[in-house]
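The data block below is protein21.cif; it holds mmCIF, C-alpha atoms.
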```cif
data_upload
#
loop_
_atom_site.label_atom_id
_atom_site.label_comp_id
_atom_site.auth_asym_id
_atom_site.auth_seq_id
_atom_site.Cartn_x
_atom_site.Cartn_y
_atom_site.Cartn_z
CA MET A 1 -13.92 -2.17 12.27
CA SER A 2 -15.06 -5.54 10.99
CA ALA A 3 -13.09 -8.62 11.93
CA LEU A 4 -10.16 -9.21 9.63
CA ALA A 5 -10.72 -12.95 9.69
CA ALA A 6 -6.95 -13.10 9.84
CA ALA A 7 -4.66 -14.06 12.68
CA PRO A 8 -1.28 -12.43 13.36
CA ASN A 9 1.49 -14.61 12.00
CA ASP A 10 4.26 -16.04 14.10
CA SER A 11 6.88 -13.38 14.79
CA TRP A 12 8.89 -12.35 11.76
CA SER A 13 11.63 -9.76 11.47
CA TYR A 14 13.43 -7.98 8.71
CA LEU A 15 16.89 -6.51 9.25
CA GLY A 16 16.46 -7.48 12.89
CA HIS A 17 13.28 -5.42 13.35
CA ALA A 18 9.85 -6.82 14.19
CA VAL A 19 7.32 -6.84 11.36
CA HIS A 20 3.59 -7.23 11.99
CA CYS A 21 1.89 -9.52 9.50
CA VAL A 22 -1.40 -11.40 9.28
CA SER A 23 -2.69 -14.20 7.11
CA SER A 24 -5.83 -16.17 6.37
CA SER A 25 -6.75 -18.98 4.00
CA PRO A 26 -9.80 -21.06 2.98
CA SER A 27 -9.11 -23.44 5.85
CA ASP A 28 -9.96 -20.59 8.24
CA HIS A 29 -13.53 -20.49 6.88
CA PRO A 30 -15.06 -23.83 7.98
CA VAL A 31 -18.57 -22.83 6.90
CA ASP A 32 -18.15 -21.26 3.49
CA GLY A 33 -14.44 -21.69 2.71
CA LYS A 34 -13.67 -23.30 -0.64
CA ASP A 35 -10.71 -25.27 -1.89
CA GLU A 36 -7.75 -22.98 -2.34
CA LYS A 37 -7.12 -21.89 -5.90
CA GLY A 38 -4.23 -20.19 -7.63
CA PRO A 39 -1.38 -18.15 -6.16
CA ALA A 40 -1.01 -16.62 -2.73
CA ILE A 41 -1.94 -12.95 -2.25
CA LEU A 42 0.12 -10.30 -0.42
CA LEU A 43 -1.64 -7.04 0.46
CA VAL A 44 0.45 -3.87 0.94
CA HIS A 45 -1.01 -0.75 2.57
CA GLY A 46 -0.39 2.89 1.70
CA PHE A 47 1.23 5.77 3.57
CA GLY A 48 0.12 6.01 7.21
CA ALA A 49 -2.04 2.89 6.97
CA SER A 50 -1.52 -0.73 8.02
CA THR A 51 -2.88 -4.26 7.66
CA ASP A 52 -6.10 -2.90 9.23
CA HIS A 53 -6.85 -1.06 6.00
CA TRP A 54 -7.63 -4.41 4.33
CA ARG A 55 -10.46 -5.08 6.82
CA PHE A 56 -13.10 -5.55 4.10
CA ASN A 57 -10.89 -7.47 1.67
CA ILE A 58 -9.17 -10.23 3.64
CA PRO A 59 -12.39 -11.95 4.80
CA VAL A 60 -13.64 -12.22 1.21
CA ILE A 61 -10.43 -13.01 -0.70
CA SER A 62 -9.29 -15.60 1.85
CA ARG A 63 -12.34 -17.77 1.14
CA THR A 64 -10.55 -18.97 -1.99
CA HIS A 65 -6.93 -17.84 -1.65
CA GLU A 66 -4.13 -17.81 0.90
CA VAL A 67 -3.93 -14.12 1.85
CA HIS A 68 -1.16 -12.27 3.67
CA ALA A 69 -0.84 -8.62 4.69
CA VAL A 70 2.17 -6.88 6.23
CA ASP A 71 2.85 -3.58 7.95
CA LEU A 72 5.79 -1.93 6.22
CA LEU A 73 8.62 -0.97 8.55
CA GLY A 74 7.85 2.46 9.99
CA PHE A 75 4.07 1.95 9.83
CA GLY A 76 1.29 0.15 11.65
CA ARG A 77 2.38 -2.30 14.32
CA SER A 78 5.81 -2.88 12.75
CA ALA A 79 8.97 -1.46 14.30
CA LYS A 80 9.92 2.16 13.66
CA PRO A 81 13.71 2.23 14.21
CA SER A 82 15.51 5.53 13.71
CA GLU A 83 18.50 4.13 11.85
CA LEU A 84 16.69 2.86 8.77
CA ASP A 85 16.81 4.60 5.40
CA TYR A 86 13.05 4.77 4.83
CA GLY A 87 11.95 4.64 1.23
CA GLY A 88 10.98 2.58 -1.76
CA GLN A 89 14.08 0.41 -1.73
CA LEU A 90 13.68 -0.61 1.92
CA TRP A 91 10.02 -1.59 1.50
CA ARG A 92 10.69 -3.31 -1.83
CA GLU A 93 13.32 -5.52 -0.21
CA GLN A 94 11.09 -6.16 2.83
CA LEU A 95 8.31 -7.53 0.60
CA VAL A 96 10.70 -9.71 -1.40
CA ALA A 97 12.12 -11.15 1.83
CA TYR A 98 8.65 -11.83 3.22
CA ILE A 99 7.57 -13.74 0.12
CA ASN A 100 10.81 -15.72 -0.01
CA GLU A 101 10.84 -16.56 3.70
CA ARG A 102 7.18 -16.85 4.67
CA ILE A 103 5.05 -17.54 1.59
CA ARG A 104 7.59 -19.51 -0.47
CA ARG A 105 5.52 -19.77 -3.63
CA PRO A 106 4.30 -17.58 -6.51
CA THR A 107 2.42 -14.58 -5.13
CA VAL A 108 0.20 -11.80 -6.45
CA LEU A 109 1.22 -8.49 -4.86
CA VAL A 110 -1.62 -6.01 -4.26
CA GLY A 111 -0.77 -2.45 -3.21
CA ASN A 112 -2.45 0.90 -2.63
CA SER A 113 -0.68 4.24 -3.10
CA LEU A 114 2.81 3.93 -1.58
CA GLY A 115 2.12 0.20 -1.19
CA GLY A 116 1.39 0.02 -4.91
CA TYR A 117 4.83 1.35 -5.70
CA ALA A 118 6.44 -1.11 -3.27
CA ALA A 119 4.40 -4.00 -4.70
CA LEU A 120 5.42 -3.19 -8.28
CA ALA A 121 9.08 -2.80 -7.30
CA ALA A 122 9.07 -6.10 -5.43
CA GLY A 123 7.26 -7.80 -8.31
CA ALA A 124 9.99 -6.65 -10.69
CA ASP A 125 12.63 -8.20 -8.41
CA LEU A 126 10.80 -11.49 -7.87
CA GLY A 127 10.74 -12.62 -11.51
CA LYS A 128 8.71 -15.83 -11.92
CA ASP A 129 7.78 -15.79 -8.24
CA ALA A 130 5.55 -12.77 -8.92
CA ALA A 131 2.28 -14.26 -10.18
CA GLY A 132 0.83 -10.80 -10.76
CA VAL A 133 0.76 -7.21 -9.54
CA VAL A 134 -2.43 -5.31 -8.65
CA LEU A 135 -2.14 -1.54 -8.31
CA LEU A 136 -4.77 0.62 -6.60
CA ASN A 137 -3.96 4.29 -7.29
CA ALA A 138 -0.26 3.56 -7.01
CA ALA A 139 2.31 6.23 -6.15
CA GLY A 140 5.44 6.84 -8.17
CA TYR A 141 6.67 8.75 -11.20
CA PHE A 142 7.60 8.06 -14.82
CA SER A 143 10.99 9.08 -16.14
CA ASP A 144 9.55 10.63 -19.31
CA THR A 145 7.12 12.98 -17.55
CA ALA A 146 7.38 16.20 -15.62
CA GLN A 147 6.52 14.33 -12.43
CA LYS A 148 10.17 13.42 -11.91
CA ARG A 149 11.31 17.04 -12.12
CA ALA A 150 8.45 18.33 -10.00
CA SER A 151 8.82 15.77 -7.23
CA LYS A 152 11.67 15.20 -4.83
CA SER A 153 10.03 12.16 -3.32
CA LEU A 154 6.97 9.94 -3.42
CA PHE A 155 5.47 12.16 -0.73
CA SER A 156 5.78 15.63 -2.28
CA LYS A 157 2.02 15.94 -2.80
CA LEU A 158 1.32 15.28 0.87
CA ARG A 159 4.10 17.64 1.95
CA GLN A 160 2.62 20.38 -0.22
CA ARG A 161 -0.79 19.86 1.35
CA ILE A 162 0.49 20.45 4.88
CA GLY A 163 2.68 23.47 4.39
CA GLY A 164 4.62 23.53 1.16
CA GLY A 165 8.23 22.60 0.68
CA PRO A 166 10.61 20.69 2.95
CA LEU A 167 9.91 21.10 6.66
CA ARG A 168 13.40 21.18 8.10
CA ASP A 169 12.94 22.69 11.53
CA PRO A 170 12.43 19.93 14.19
CA PHE A 171 10.22 22.12 16.38
CA HIS A 172 7.79 22.94 13.57
CA GLN A 173 7.91 19.35 12.35
CA ARG A 174 6.84 18.21 15.80
CA LEU A 175 3.94 20.68 15.82
CA ILE A 176 2.79 19.45 12.41
CA PHE A 177 3.16 15.82 13.49
CA GLU A 178 0.98 16.43 16.57
CA TYR A 179 -1.56 18.27 14.42
CA LEU A 180 -1.78 15.55 11.78
CA ARG A 181 -2.34 12.74 14.25
CA HIS A 182 -5.28 14.40 15.99
CA PRO A 183 -8.42 12.27 15.37
CA PHE A 184 -10.33 15.24 13.95
CA ILE A 185 -7.60 15.95 11.37
CA ILE A 186 -7.26 12.28 10.44
CA ARG A 187 -11.02 12.09 9.86
CA ARG A 188 -11.03 15.31 7.86
CA THR A 189 -8.17 14.07 5.66
CA LEU A 190 -9.91 10.75 5.06
CA ASN A 191 -13.13 12.57 4.15
CA GLN A 192 -11.14 14.45 1.53
CA VAL A 193 -9.81 11.31 -0.16
CA TYR A 194 -12.92 9.11 0.17
CA ILE A 195 -15.69 10.23 -2.18
CA ASP A 196 -18.20 8.19 -0.17
CA SER A 197 -17.30 8.67 3.50
CA THR A 198 -19.51 5.83 4.79
CA ASN A 199 -16.49 3.73 5.76
CA VAL A 200 -14.63 6.61 7.39
CA ASP A 201 -15.54 5.34 10.83
CA ASP A 202 -14.04 5.56 14.31
CA ALA A 203 -12.20 2.27 13.87
CA LEU A 204 -10.42 3.47 10.72
CA VAL A 205 -9.43 6.76 12.37
CA GLU A 206 -8.05 4.88 15.37
CA ALA A 207 -6.18 2.41 13.14
CA ILE A 208 -4.28 5.36 11.68
CA ARG A 209 -3.86 7.29 14.94
CA ARG A 210 -2.66 4.43 17.13
CA PRO A 211 0.66 3.75 15.34
CA SER A 212 1.53 7.46 15.58
CA LEU A 213 1.81 6.97 19.36
CA ASP A 214 4.56 4.35 19.00
CA GLN A 215 8.12 5.10 19.92
CA GLY A 216 9.93 6.12 16.76
CA ALA A 217 6.82 7.30 14.88
CA PHE A 218 7.96 10.93 14.87
CA GLY A 219 11.37 9.89 13.57
CA VAL A 220 9.74 8.12 10.63
CA PHE A 221 7.66 11.23 9.95
CA ARG A 222 10.78 13.43 9.96
CA SER A 223 12.65 11.06 7.67
CA VAL A 224 9.81 11.01 5.15
CA PHE A 225 9.06 14.71 5.12
CA ASN A 226 12.68 15.79 5.10
CA GLY A 227 12.96 13.89 1.85
CA SER A 228 16.05 12.09 3.08
CA GLY A 229 17.09 8.65 1.96
CA ARG A 230 15.87 6.89 -1.17
CA LEU A 231 12.22 7.90 -0.95
CA GLN A 232 11.69 8.58 -4.61
CA GLY A 233 12.76 5.16 -5.78
CA GLN A 234 13.12 3.84 -9.30
CA PRO A 235 10.88 5.22 -12.10
CA LEU A 236 7.71 3.26 -12.72
CA ASP A 237 8.50 2.72 -16.40
CA GLU A 238 11.76 0.98 -15.48
CA LEU A 239 9.91 -1.25 -13.03
CA PHE A 240 7.27 -2.14 -15.62
CA ALA A 241 10.02 -2.98 -18.11
CA ALA A 242 11.57 -5.42 -15.64
CA LEU A 243 8.25 -6.98 -14.58
CA LYS A 244 7.45 -10.45 -15.96
CA ALA A 245 3.99 -10.74 -14.40
CA PRO A 246 0.52 -9.60 -15.54
CA VAL A 247 -0.90 -6.40 -14.10
CA LEU A 248 -4.35 -5.34 -12.89
CA LEU A 249 -4.94 -1.59 -12.54
CA LEU A 250 -7.80 -0.71 -10.19
CA TRP A 251 -8.43 3.02 -10.41
CA GLY A 252 -10.40 5.22 -8.08
CA ASN A 253 -11.09 7.79 -10.79
CA ARG A 254 -11.96 10.66 -8.41
CA ASP A 255 -8.73 10.56 -6.42
CA PRO A 256 -8.07 14.15 -5.25
CA TRP A 257 -4.42 13.41 -4.38
CA MET A 258 -3.37 12.67 -7.93
CA ASN A 259 -4.50 13.41 -11.44
CA ALA A 260 -6.14 10.04 -11.88
CA ALA A 261 -6.94 10.48 -15.57
CA GLY A 262 -3.46 11.68 -16.46
CA LYS A 263 -1.76 9.07 -14.35
CA ARG A 264 -3.94 6.32 -15.79
CA ALA A 265 -2.81 7.30 -19.27
CA SER A 266 0.85 7.05 -18.22
CA PHE A 267 0.31 3.68 -16.55
CA LEU A 268 -1.43 2.26 -19.60
CA ARG A 269 1.31 3.57 -21.88
CA HIS A 270 4.08 1.87 -19.90
CA ALA A 271 2.38 -1.18 -18.37
CA PRO A 272 2.95 -4.62 -19.92
CA SER A 273 0.67 -5.79 -22.70
CA ALA A 274 -0.89 -8.30 -20.26
CA THR A 275 -2.61 -5.51 -18.32
CA THR A 276 -6.26 -5.23 -17.29
CA GLU A 277 -7.80 -1.94 -16.18
CA VAL A 278 -10.93 -1.48 -14.05
CA VAL A 279 -12.13 2.08 -13.34
CA LEU A 280 -14.07 2.64 -10.12
CA ASP A 281 -16.09 5.63 -8.94
CA ALA A 282 -14.00 6.17 -5.83
CA GLY A 283 -11.16 8.17 -4.32
CA HIS A 284 -7.61 7.34 -3.29
CA CYS A 285 -8.37 4.13 -1.33
CA PRO A 286 -10.94 2.19 -3.38
CA HIS A 287 -10.26 -1.09 -1.54
CA ASP A 288 -11.75 0.40 1.63
CA GLU A 289 -14.24 2.83 0.07
CA VAL A 290 -15.84 0.42 -2.43
CA PRO A 291 -14.55 -2.94 -1.19
CA ASP A 292 -17.26 -5.04 -2.84
CA GLN A 293 -16.31 -3.70 -6.25
CA VAL A 294 -12.60 -4.16 -5.63
CA ASN A 295 -13.04 -7.69 -4.28
CA SER A 296 -15.18 -8.67 -7.26
CA ALA A 297 -12.74 -7.23 -9.81
CA LEU A 298 -9.75 -8.82 -8.09
CA LEU A 299 -11.34 -12.27 -7.76
CA ASN A 300 -12.50 -12.22 -11.39
CA TRP A 301 -8.97 -11.38 -12.51
CA LEU A 302 -7.47 -14.05 -10.25
CA LYS A 303 -9.50 -16.77 -12.01
CA TYR A 304 -7.04 -16.57 -14.90
CA ARG A 305 -3.82 -16.50 -12.87
#
```
Show this structure as structure tokens.
Amino acid sequence: MSALAAAPNDSWSYLGHAVHCVSSSPSDHPVDGKDEKGPAILLVHGFGASTDHWRFNIPVISRTHEVHAVDLLGFGRSAKPSELDYGGQLWREQLVAYINERIRRPTVLVGNSLGGYAALAAGADLGKDAAGVVLLNAAGYFSDTAQKRASKSLFSKLRQRIGGGPLRDPFHQRLIFEYLRHPFIIRRTLNQVYIDSTNVDDALVEAIRRPSLDQGAFGVFRSVFNGSGRLQGQPLDELFAALKAPVLLLWGNRDPWMNAAGKRASFLRHAPSATTEVVLDAGHCPHDEVPDQVNSALLNWLKYR
């Protein structure tokens, strides 16, 4: 994995639990760094990922902008306590707290998949402190579509892929958990959601496997796949209605985990008028699969923020 060009921040906690976060800015690039422009940037990973998933984005974006990335509670190097009610509301509030306590100025929130939902929800809460929201194949549902009736949580699609329906029995859940965190299975899953598998390397596989060894990781898995708590979250159309910031939609149009064309149509129908769309020939994680294209589109959009 390439160097993040980002250093871990001083310790920060949310609800008394340690949160891993990194940051970088133009001052960290003495050779080619430029004067900082515009708002700060906060990058939010998807399900099972971490700050490491922004490995090809932070070094480029931080040449001109202050960039932060956090591991959501339950993922990456952040704590995985058993008592938390894991779901959209928890991660939404975590992001709002991070911006208010650590960044302390208008911020563009950038999120992939689950992180896209959390970024949009936090952006809706932040009001004028949200300088923009960038969604890369964001998860979530719209209240006027069948997705709400068909889905019990943000993770129904993934649950269906690994066995169909809720997985209530702890013994079988443990077997599935052990199966899913095997390096071969992680690589195979990534190869399914990356159209170009060039960047599906050993470092990426290990970045996903390593957090699954942490104490509490199985408890997070059980919480998510039992569908307990407030996983589903608020409908996307309600979040868009509350959002006061401009939106950039970056779509991997060959995403096998969602109907990208159908979902794009719903996003465009409900997104604010100040919305820009860029379609990319990529899968579910375009920021890591085609990072040069994502970085270029993001930086061009940021010029006007």
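Across A:Lys244, A:Arg188, A:His53, A:His17, the tightest approach to Leu120 in chain A is made by A:Lys244 when counting all atoms listed in the file.
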Just so the selection is clear, what residues does the PyMOL selection byres ((chain A and resi 278) around 12) cover here, as a short mmCIF file (atom, residue, chain, number, x, y, z; two decimals) with C-alpha atoms, keeping the file's coordinate frame?
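As a result, selection29.cif now contains:
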```cif
data_model
loop_
_atom_site.label_atom_id
_atom_site.label_comp_id
_atom_site.auth_asym_id
_atom_site.auth_seq_id
_atom_site.Cartn_x
_atom_site.Cartn_y
_atom_site.Cartn_z
CA VAL A 134 -2.43 -5.31 -8.65
CA LEU A 135 -2.14 -1.54 -8.31
CA LEU A 136 -4.77 0.62 -6.60
CA ASN A 137 -3.96 4.29 -7.29
CA VAL A 247 -0.90 -6.40 -14.10
CA LEU A 248 -4.35 -5.34 -12.89
CA LEU A 249 -4.94 -1.59 -12.54
CA LEU A 250 -7.80 -0.71 -10.19
CA TRP A 251 -8.43 3.02 -10.41
CA GLY A 252 -10.40 5.22 -8.08
CA ASN A 253 -11.09 7.79 -10.79
CA ARG A 264 -3.94 6.32 -15.79
CA LEU A 268 -1.43 2.26 -19.60
CA THR A 275 -2.61 -5.51 -18.32
CA THR A 276 -6.26 -5.23 -17.29
CA GLU A 277 -7.80 -1.94 -16.18
CA VAL A 279 -12.13 2.08 -13.34
CA LEU A 280 -14.07 2.64 -10.12
CA ASP A 281 -16.09 5.63 -8.94
CA ALA A 282 -14.00 6.17 -5.83
CA PRO A 286 -10.94 2.19 -3.38
CA GLN A 293 -16.31 -3.70 -6.25
CA VAL A 294 -12.60 -4.16 -5.63
CA ASN A 295 -13.04 -7.69 -4.28
CA SER A 296 -15.18 -8.67 -7.26
CA ALA A 297 -12.74 -7.23 -9.81
CA LEU A 298 -9.75 -8.82 -8.09
CA ASN A 300 -12.50 -12.22 -11.39
CA TRP A 301 -8.97 -11.38 -12.51
#
```
Quiz item: What gap, in Å, lies between CA of Ser50 in chain A and CA of Asp71 in chain A?
Solution: 5.2 Å
Quiz item: If the PyMOL selection byres ((chain A and resi 191) around 12) is run on the structure shown, which residues does it catch, given as JSON, numbers by chain?
Solution: {"A": [184, 185, 186, 187, 188, 189, 190, 192, 193, 194, 195, 196, 197, 198, 199, 200, 201, 204, 205, 255, 256, 282, 283, 284, 285, 289]}
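Counting from CA of Phe218 in chain A, the distance to CA of His287 in chain A is 27.3 Å.
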Hits from the PyMOL selection byres ((chain A and resi 115-117) around 6), listed as a PDB file with C-alpha atoms, in the coordinates of the input:
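So expr-v3.pdb came out as:
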```pdb
ATOM      1  CA  VAL A  44       0.450  -3.870   0.940  1.00  0.00           C
ATOM      2  CA  HIS A  45      -1.010  -0.750   2.570  1.00  0.00           C
ATOM      3  CA  GLY A  46      -0.390   2.890   1.700  1.00  0.00           C
ATOM      4  CA  GLY A 111      -0.770  -2.450  -3.210  1.00  0.00           C
ATOM      5  CA  ASN A 112      -2.450   0.900  -2.630  1.00  0.00           C
ATOM      6  CA  SER A 113      -0.680   4.240  -3.100  1.00  0.00           C
ATOM      7  CA  LEU A 114       2.810   3.930  -1.580  1.00  0.00           C
ATOM      8  CA  ALA A 118       6.440  -1.110  -3.270  1.00  0.00           C
ATOM      9  CA  ALA A 119       4.400  -4.000  -4.700  1.00  0.00           C
ATOM     10  CA  LEU A 120       5.420  -3.190  -8.280  1.00  0.00           C
ATOM     11  CA  LEU A 135      -2.140  -1.540  -8.310  1.00  0.00           C
ATOM     12  CA  ALA A 138      -0.260   3.560  -7.010  1.00  0.00           C
ATOM     13  CA  ALA A 139       2.310   6.230  -6.150  1.00  0.00           C
TER      14      ALA A 139
END
```
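The closest residue to Leu236 in chain A, picked from A:Glu178, A:Gln173, A:Trp257, A:Tyr141 and counting only C-alpha atoms, is A:Tyr141.
For the pair CA of Ile41 in chain A and CA of Tyr86 in chain A, the interatomic distance is 24.3 Å.
Proximity of A:Lys128, A:Arg92, A:Arg174, A:Arg55 to Phe221 in chain A, computed with all atoms listed in the file, is greatest for A:Arg174.
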